[in-house]
Each structure stands twice: as structure tokens, then as C-alpha cells.
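A.B. asks: I am attaching a structure below and will ask some questions about it afterwards.
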Amino acid sequence: MFDVRVIAVAVCGSSLWAAVSLGAEPIGYFPEFLLTAPETVNDPTVVLDAPDDRYFGLGEDFVIYTLGAWRVLDLPGPDLNVYEADFGAVEFALVDVLVSEDRREWFSVKATMAEAVNIVGDERHNRATHRKSFDLAGTGLAEAKYVKIQGLGTGPASGTNGFDLDAIGVIHWTVPAPGSLFALIGLAAIRRRR
Ligand SMILES: [Ca+2]
Ligand SMILES: [Ca+2]
């Protein structure tokens, strides 16, 4: 019985530490669905979820993430991270980052590019140089459902051609309302298989 209590204290102590450390950095949301991906890439789902050093080069192609029931919000400071694969040259000159609420009007947030904010969940991505933060401020949007990562290189997406997209992470996001997850089921076909 004594041993059980000791374990319980240890678990509580560990949980407390976790809570404190989570408070230091925002908890990221890493999109789980793509609306559009280049046909030249065998497995485009490598750019979903948290950065993991799986990626593809965008070349002149693009991907569109849909946040489903989630939204990226414009709150004070940067709202969104883009992660380049953690090696080689920094190639943010070869990419544009755009947001939209309706997929008709797109707004580039490239001009807001800044040193990346660390978010909980992106710990596997090591190099600060290979990630950047972007801000919705100035787009006129209070929130956005879609994020488009447009390659500014040449040729089709493949290998390490142009900007090597690993992942995106949302810093400021809304929690989906209960029941709205059903809306995501139709998109499950291109969800990453774990
Ligand atoms: Ca903002
Ligand atoms: Ca990845």
C-alpha cells in the first residue's frame, strides 16, 4: 500500500511539471487534412501532422490544407508556423503562404514572416532557421479555414525540388464544437495513415 502511494505522488509531481511546462508555449494544432496536393508526389500526407522530417519539395506546385472544423485565428502576434525539412539550405524565398476562409479569396501572409514561435508538439523539428511564423494581421480576416503553401520554384513537386515542406502548425486556433467532427468524415480518404 505504501508503494502505491509513492507512485501516486510521483505521477502527480510529473503531471504538475507537465502542466507548468505546457504553459510556457502555446499548444499547437497540426492540420490533419489536405484539400489539394500535387499528383506527382507518391504520399502527400507526409506534410500532415507535426513536423517529423518527412517532406516533399514543392517545386512550382502547391498544397492546400483544410482545417475542417478548426480555424486559425488572428490573435496578437504570429498565428501560424511553416516548417521546412530540417536540413540543407533555407528556402523560404521559394514559398508563398496564403490563407482563405472561402477558397475564393486568398491573402498572402508572406510579408509577416518572422522568427518562429515554438509550439508544443513541434519538438522534433530542431533548427530555428528552418521554420518561420506568419500573422493573419493585415489580411482583413479574423480567421481562416484554408492554408495554401505555394511553391515558387520550377518544375513539378518531388524529392527536394524547391521548398521542402515538412508541416504547418497553427499557433492560434479554435476548438471545434461538439458534433462538428462528423463534417470531417468525408475528407478522411486523404488523411494520413498512421
Ligand atoms: Ca496575429
Ligand atoms: Ca512531415
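Residue numbering restarts at 1 for every chain of the C-alpha cells, chains are lettered A, B, ... in their displayed order, and ligands are numbered from 1 as they appear.
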Counting only C-alpha atoms and all ligand atoms, which residues of chain A fall within 12 Å of ligand 1, and what is the closest atom pair for each with its distance in Å at one decimal, ordered by chain and rising number, as CSV?
C.D. replies:
```
residue,atom,partner,partner_atom_place_in_ligand_line,distance
A:Val72,CA,ligand 1,1 (Ca),9.4
A:Leu73,CA,ligand 1,1 (Ca),7.2
A:Asp74,CA,ligand 1,1 (Ca),4.1
A:Leu75,CA,ligand 1,1 (Ca),4.2
A:Pro76,CA,ligand 1,1 (Ca),4.6
A:Gly77,CA,ligand 1,1 (Ca),4.4
A:Pro78,CA,ligand 1,1 (Ca),4.7
A:Asp79,CA,ligand 1,1 (Ca),5.0
A:Leu80,CA,ligand 1,1 (Ca),8.4
A:Asn81,CA,ligand 1,1 (Ca),11.6
A:Val109,CA,ligand 1,1 (Ca),10.4
A:Thr112,CA,ligand 1,1 (Ca),9.5
A:Met113,CA,ligand 1,1 (Ca),11.5
A:Ala114,CA,ligand 1,1 (Ca),11.8
A:Val117,CA,ligand 1,1 (Ca),11.9
A:Ser133,CA,ligand 1,1 (Ca),10.0
A:Phe134,CA,ligand 1,1 (Ca),7.8
A:Asp135,CA,ligand 1,1 (Ca),4.5
A:Leu136,CA,ligand 1,1 (Ca),5.1
A:Ala137,CA,ligand 1,1 (Ca),5.1
A:Gly138,CA,ligand 1,1 (Ca),8.9
A:Thr139,CA,ligand 1,1 (Ca),10.0
A:Gly140,CA,ligand 1,1 (Ca),11.0
A:Leu141,CA,ligand 1,1 (Ca),10.1
A:Ala142,CA,ligand 1,1 (Ca),8.8
A:Glu143,CA,ligand 1,1 (Ca),9.6
A:Ala144,CA,ligand 1,1 (Ca),11.6
A:Val170,CA,ligand 1,1 (Ca),11.0
A:Ile171,CA,ligand 1,1 (Ca),9.3
A:His172,CA,ligand 1,1 (Ca),7.9
A:Trp173,CA,ligand 1,1 (Ca),10.8
```
A.B. asks: Go ahead and write the selection's residues with C-alpha atoms as a compact mmCIF listing (two decimals), in the first residue's frame.
C.D. replies:
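What follows is the written file out17.txt:
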```txt
# COMPACT_ATOMS: atom_id res chain seq x y z
CA VAL A 72 -6.64 29.71 -37.48
CA LEU A 73 -7.39 32.91 -35.62
CA ASP A 74 -5.80 36.32 -35.83
CA LEU A 75 -4.77 36.99 -32.24
CA PRO A 76 -1.94 39.27 -31.12
CA GLY A 77 1.37 38.00 -32.53
CA PRO A 78 2.07 35.27 -35.10
CA ASP A 79 -0.74 32.80 -35.78
CA LEU A 80 0.78 30.07 -37.95
CA ASN A 81 4.08 28.20 -38.40
CA VAL A 109 0.87 36.45 -45.26
CA THR A 112 4.68 38.98 -41.96
CA MET A 113 7.31 36.21 -41.96
CA ALA A 114 9.23 36.21 -38.68
CA VAL A 117 7.28 30.76 -32.23
CA SER A 133 5.90 32.20 -38.23
CA PHE A 134 3.24 34.16 -40.09
CA ASP A 135 0.49 36.52 -38.98
CA LEU A 136 -3.07 36.97 -40.30
CA ALA A 137 -2.93 40.64 -39.30
CA GLY A 138 -3.34 42.77 -42.40
CA THR A 139 -5.32 40.20 -44.38
CA GLY A 140 -8.64 41.56 -43.14
CA LEU A 141 -9.53 38.04 -41.96
CA ALA A 142 -10.28 37.42 -38.30
CA GLU A 143 -9.95 33.69 -39.00
CA ALA A 144 -9.22 31.33 -41.86
CA VAL A 170 -1.36 26.59 -36.03
CA ILE A 171 -0.47 28.74 -33.04
CA HIS A 172 -3.87 30.41 -32.53
CA TRP A 173 -6.81 28.11 -33.23
```
A.B. asks: Residues of chain A within 8 Å of ligand 2: nearest atom pair and distance (Å, one decimal) for each, counting only C-alpha atoms and all ligand atoms, sorted by chain and number, as a tab-separated table?
C.D. replies:
```
residue	atom	partner	partner_atom_place_in_ligand_line	distance
A:Thr45	CA	ligand 2	1 (Ca)	7.9
A:Val46	CA	ligand 2	1 (Ca)	4.6
A:Val47	CA	ligand 2	1 (Ca)	4.2
A:Leu48	CA	ligand 2	1 (Ca)	6.0
A:Asp49	CA	ligand 2	1 (Ca)	6.9
A:Ala50	CA	ligand 2	1 (Ca)	6.6
A:Pro51	CA	ligand 2	1 (Ca)	4.7
A:Asp52	CA	ligand 2	1 (Ca)	4.7
A:Asp53	CA	ligand 2	1 (Ca)	5.3
A:Arg54	CA	ligand 2	1 (Ca)	4.0
A:Tyr55	CA	ligand 2	1 (Ca)	4.8
A:Ala85	CA	ligand 2	1 (Ca)	7.6
A:Leu165	CA	ligand 2	1 (Ca)	7.2
A:Asp166	CA	ligand 2	1 (Ca)	3.8
A:Ala167	CA	ligand 2	1 (Ca)	4.9
```
A.B. asks: Let's have the selection written as a PDB file, in the first residue's frame, with N, CA and C atoms.
C.D. replies:
```
ATOM      1  N   THR A  45       0.660  12.928 -47.798  1.00  0.00           N
ATOM      2  CA  THR A  45       0.271  13.062 -46.389  1.00  0.00           C
ATOM      3  C   THR A  45       1.475  13.242 -45.468  1.00  0.00           C
ATOM      4  N   VAL A  46       2.699  13.163 -46.019  1.00  0.00           N
ATOM      5  CA  VAL A  46       3.883  13.386 -45.163  1.00  0.00           C
ATOM      6  C   VAL A  46       3.948  14.828 -44.665  1.00  0.00           C
ATOM      7  N   VAL A  47       3.154  15.736 -45.266  1.00  0.00           N
ATOM      8  CA  VAL A  47       3.183  17.136 -44.786  1.00  0.00           C
ATOM      9  C   VAL A  47       2.094  17.391 -43.748  1.00  0.00           C
ATOM     10  N   LEU A  48       1.380  16.330 -43.332  1.00  0.00           N
ATOM     11  CA  LEU A  48       0.365  16.471 -42.290  1.00  0.00           C
ATOM     12  C   LEU A  48       0.967  16.214 -40.909  1.00  0.00           C
ATOM     13  N   ASP A  49       0.191  16.596 -39.904  1.00  0.00           N
ATOM     14  CA  ASP A  49       0.567  16.384 -38.504  1.00  0.00           C
ATOM     15  C   ASP A  49       1.863  17.148 -38.158  1.00  0.00           C
ATOM     16  N   ALA A  50       2.418  16.863 -37.007  1.00  0.00           N
ATOM     17  CA  ALA A  50       3.565  17.627 -36.507  1.00  0.00           C
ATOM     18  C   ALA A  50       4.799  17.381 -37.387  1.00  0.00           C
ATOM     19  N   PRO A  51       5.742  18.328 -37.408  1.00  0.00           N
ATOM     20  CA  PRO A  51       6.954  18.129 -38.208  1.00  0.00           C
ATOM     21  C   PRO A  51       7.696  16.874 -37.773  1.00  0.00           C
ATOM     22  N   ASP A  52       8.156  16.097 -38.772  1.00  0.00           N
ATOM     23  CA  ASP A  52       8.747  14.789 -38.488  1.00  0.00           C
ATOM     24  C   ASP A  52       9.876  14.449 -39.455  1.00  0.00           C
ATOM     25  N   ASP A  53      10.363  15.450 -40.193  1.00  0.00           N
ATOM     26  CA  ASP A  53      11.428  15.234 -41.184  1.00  0.00           C
ATOM     27  C   ASP A  53      10.960  14.394 -42.371  1.00  0.00           C
ATOM     28  N   ARG A  54       9.681  14.183 -42.520  1.00  0.00           N
ATOM     29  CA  ARG A  54       9.138  13.611 -43.761  1.00  0.00           C
ATOM     30  C   ARG A  54       8.566  14.795 -44.532  1.00  0.00           C
ATOM     31  N   TYR A  55       8.802  14.873 -45.813  1.00  0.00           N
ATOM     32  CA  TYR A  55       8.548  16.103 -46.556  1.00  0.00           C
ATOM     33  C   TYR A  55       8.507  15.790 -48.042  1.00  0.00           C
ATOM     34  N   ALA A  85      11.823  21.126 -44.153  1.00  0.00           N
ATOM     35  CA  ALA A  85      12.581  19.951 -43.721  1.00  0.00           C
ATOM     36  C   ALA A  85      13.909  20.404 -43.114  1.00  0.00           C
ATOM     37  N   LEU A 165       8.660  21.124 -47.948  1.00  0.00           N
ATOM     38  CA  LEU A 165       7.611  21.282 -46.937  1.00  0.00           C
ATOM     39  C   LEU A 165       7.530  20.053 -46.039  1.00  0.00           C
ATOM     40  N   ASP A 166       7.677  20.282 -44.742  1.00  0.00           N
ATOM     41  CA  ASP A 166       7.554  19.210 -43.746  1.00  0.00           C
ATOM     42  C   ASP A 166       6.177  19.248 -43.083  1.00  0.00           C
ATOM     43  N   ALA A 167       5.743  20.439 -42.633  1.00  0.00           N
ATOM     44  CA  ALA A 167       4.484  20.533 -41.880  1.00  0.00           C
ATOM     45  C   ALA A 167       4.101  22.000 -41.717  1.00  0.00           C
TER      46      ALA A 167
END
```
A.B. asks: Write out as a ChimeraX atom specification which residues come within 10 Å of segment 39-44 of chain A when counting only C-alpha atoms, dropping same-chain ones fewer than 3 positions away.
C.D. replies: /A:34,36,47-48,54-58,61,63,156-159,190-192
A.B. asks: List every residue of segment 32-71 of chain A that DSSP, applied to the backbone, labels as strand (DSSP E), and write the result as an mmCIF file with C-alpha atoms, in the first residue's frame.
C.D. replies:
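File produced: out-v7.cif:
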```cif
data_model
loop_
_atom_site.group_PDB
_atom_site.id
_atom_site.type_symbol
_atom_site.label_atom_id
_atom_site.label_comp_id
_atom_site.auth_asym_id
_atom_site.auth_seq_id
_atom_site.Cartn_x
_atom_site.Cartn_y
_atom_site.Cartn_z
ATOM 1 C CA PHE A 33 -6.280 17.000 -43.849
ATOM 2 C CA LEU A 34 -5.241 18.160 -47.301
ATOM 3 C CA LEU A 35 -7.755 19.524 -49.766
ATOM 4 C CA THR A 36 -5.339 19.619 -52.709
ATOM 5 C CA PHE A 56 8.475 16.756 -50.276
ATOM 6 C CA GLY A 57 9.826 19.566 -52.454
ATOM 7 C CA PHE A 62 1.112 23.906 -54.102
ATOM 8 C CA VAL A 63 -0.805 22.186 -51.335
ATOM 9 C CA ILE A 64 -3.983 23.385 -49.640
ATOM 10 C CA TYR A 65 -4.601 22.383 -46.042
ATOM 11 C CA THR A 66 -8.158 22.413 -44.769
#
```
A.B. asks: When you draw a straight line from atom CA of Arg104 of chain A to atom CA of Glu84 of chain A, how long is it in Å?
C.D. replies: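 Going from atom CA of Arg104 of chain A over to atom CA of Glu84 of chain A, I get 26.4 Å.
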A.B. asks: Considering only C-alpha atoms, state which residue in the set A:Val99, A:Gly155, A:His125, A:Ala111 is at the smallest distance from Arg71 of chain A.
C.D. replies: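 Using only C-alpha atoms, the shortest distance to Arg71 of chain A belongs to A:Val99.
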A.B. asks: Pick out the closest residue to Lys110 of chain A from this set: A:Lys132, A:Thr160, A:Tyr146, A:Asp122. Count only C-alpha atoms.
C.D. replies: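 Among the listed residues, A:Lys132 lies closest to Lys110 of chain A.
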A.B. asks: Measuring between only C-alpha atoms, which one of A:Val175, A:Ala24, A:Ala89, A:Ala69 shows the shortest distance to Arg127 of chain A?
C.D. replies: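 Among the listed residues, A:Ala89 lies closest to Arg127 of chain A.
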A.B. asks: Would you mind telling me which residue in A:Gln150, A:Thr174, A:Asn118, A:Asn126 lies nearest to Trp106 of chain A when using only C-alpha atoms?
C.D. replies: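 The answer is A:Gln150, which sits nearest to Trp106 of chain A.
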A.B. asks: So that I can see what lies close to Arg131 of chain A, please list as number ranges by chain the residues with an atom at most 6 Å from it, counting only C-alpha atoms and leaving out residues fewer than 5 positions away in the same chain.
C.D. replies: A: 82-84, 116
A.B. asks: What does the file look like for those residues with C-alpha atoms, as an mmCIF file, in the first residue's frame?
C.D. replies:
```
data_model
loop_
_atom_site.group_PDB
_atom_site.id
_atom_site.type_symbol
_atom_site.label_atom_id
_atom_site.label_comp_id
_atom_site.auth_asym_id
_atom_site.auth_seq_id
_atom_site.Cartn_x
_atom_site.Cartn_y
_atom_site.Cartn_z
ATOM 1 C CA VAL A 82 5.519 26.670 -41.570
ATOM 2 C CA TYR A 83 8.251 24.042 -41.180
ATOM 3 C CA GLU A 84 10.840 23.328 -43.824
ATOM 4 C CA ALA A 116 9.213 31.044 -35.470
#
```
A.B. asks: Find the residue from A:Ile119, A:Gly88, A:Glu105, A:Lys148 that sits nearest to Pro26 of chain A; use only C-alpha atoms when measuring.
C.D. replies: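 Closest residue, counting only C-alpha atoms: A:Ile119.
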A.B. asks: Go ahead and compute the interatomic distance for atom CA of Leu152 of chain A and atom CA of Gly59 of chain A, in Å to one decimal.
C.D. replies: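 Value for the atom CA of Leu152 of chain A-atom CA of Gly59 of chain A distance: 6.6 Å.
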